[in-house]
Amino acid sequence: MYNEKILELWKDPKNFGKLLNPTHKCSEINTICGDDMSIYLRVENNIIRDAKFFSTGCLICIVFASKLTEKIKGMKVKDIYNLKNKDLLKLLDVDVTPLKMQCACLSLNAVQNCLKKGKL
């Protein structure tokens, strides 16, 4: 069902774990399938300097969080708000069923909500 690139990223996700001394942290839950995700960000001068995630979610949830945290490093905070679900899908060029779309987009929702809440 998933290509080799997806499976490799799931086995060895980038930025998986907790960030020491984050400036922003929040958690989100996908109530449909139970994915649980925590996002840790270090923001300096309105730029994402570092990003990590911890999740007990499914393969899709973890793979997309891995790709998203790689993408947002170095981005301006204001540009994060312009990211859409379709931008996430382009990162991996994979078809996602409507049910799994919430899994794929959980990390983007968490990052945007984390930034909206402000600093710790």
# chains A, B, ... in the order shown; residues from 1 in each chain; ligands from 1
$ select_by_dssp --residues "stretch 3-36 of chain A" --states "strand (DSSP E or B)" --output "list of chain:residue names"
A:Phe16, A:His24, A:Lys25, A:Cys26, A:Ser27, A:Glu28, A:Ile29, A:Asp36
$ write_last_selection --atoms "C-alpha atoms" --output "CSV table (one decimal), in the first residue's frame"
chain,number,residue,atom,x,y,z
A,16,PHE,CA,11.1,12.5,16.4
A,24,HIS,CA,6.3,26.7,22.0
A,25,LYS,CA,4.7,23.3,22.8
A,26,CYS,CA,1.2,21.9,22.4
A,27,SER,CA,-0.6,18.6,21.8
A,28,GLU,CA,-3.4,17.6,19.5
A,29,ILE,CA,-5.5,14.5,19.3
A,36,ASP,CA,-1.9,11.8,19.7
$ residues_around --residues "stretch 31-34 of chain A" --least-positions-apart "3" --cutoff "10 Å" --atoms "only C-alpha atoms" --output "list of chain:residue names"
A:Glu28, A:Met37, A:Thr56, A:Gly57, A:Cys58, A:Leu99, A:Lys100, A:Gln102, A:Cys103
$ closest_atom_pairs --of "stretch 4-45 of chain A" --to "stretch 63-84 of chain A" --cutoff "12 Å" --atoms "only C-alpha atoms" --output "CSV"
residue,atom,partner,partner_atom,distance
A:Lys5,CA,A:Val63,CA,9.9
A:Ile6,CA,A:Val63,CA,6.8
A:Leu7,CA,A:Val63,CA,8.4
A:Glu8,CA,A:Val63,CA,9.2
A:Leu9,CA,A:Val63,CA,6.0
A:Trp10,CA,A:Val63,CA,5.4
A:Lys11,CA,A:Val63,CA,9.0
A:Asp12,CA,A:Val63,CA,9.2
A:Pro13,CA,A:Ser66,CA,5.5
A:Lys14,CA,A:Ser66,CA,5.1
A:Asn15,CA,A:Ser66,CA,6.2
A:Phe16,CA,A:Ser66,CA,7.1
A:Gly17,CA,A:Ser66,CA,10.5
A:Leu19,CA,A:Thr69,CA,11.9
A:His24,CA,A:Val77,CA,11.8
A:Asp35,CA,A:Ala65,CA,11.7
A:Asp36,CA,A:Ala65,CA,11.6
A:Met37,CA,A:Ala65,CA,8.9
A:Ser38,CA,A:Ala65,CA,10.1
A:Ile39,CA,A:Thr69,CA,9.1
A:Tyr40,CA,A:Thr69,CA,9.6
A:Leu41,CA,A:Thr69,CA,9.2
A:Arg42,CA,A:Lys73,CA,9.4
A:Val43,CA,A:Val77,CA,8.1
A:Glu44,CA,A:Lys76,CA,9.6
A:Asn45,CA,A:Lys76,CA,8.7
$ write_last_selection --atoms "C-alpha atoms" --output "compact mmCIF listing (two decimals), in the first residue's frame"
# COMPACT_ATOMS: atom_id res chain seq x y z
CA LYS A 5 10.23 5.90 0.75
CA ILE A 6 7.21 6.19 3.07
CA LEU A 7 8.07 3.01 4.94
CA GLU A 8 11.70 4.06 5.43
CA LEU A 9 10.62 7.43 6.80
CA TRP A 10 8.23 5.69 9.17
CA LYS A 11 11.00 3.40 10.43
CA ASP A 12 13.40 6.33 10.94
CA PRO A 13 11.38 9.57 11.24
CA LYS A 14 13.26 12.84 11.30
CA ASN A 15 12.81 15.12 14.32
CA PHE A 16 11.05 12.48 16.42
CA GLY A 17 11.38 13.17 20.12
CA LEU A 19 12.92 19.32 22.10
CA HIS A 24 6.30 26.69 22.04
CA ASP A 35 -3.51 9.73 16.94
CA ASP A 36 -1.86 11.76 19.67
CA MET A 37 0.79 14.33 18.73
CA SER A 38 2.93 16.78 20.66
CA ILE A 39 4.81 19.52 18.83
CA TYR A 40 7.87 21.29 20.21
CA LEU A 41 9.15 24.45 18.54
CA ARG A 42 12.02 26.83 19.13
CA VAL A 43 11.18 30.21 17.62
CA GLU A 44 13.70 33.04 17.54
CA ASN A 45 13.09 36.37 15.80
$ select_by_dssp --residues "chain A" --states "alpha helix (DSSP H)" --output "PyMOL selection string"
chain A and resi 4-11+59-72+77-80+85-92+98-117
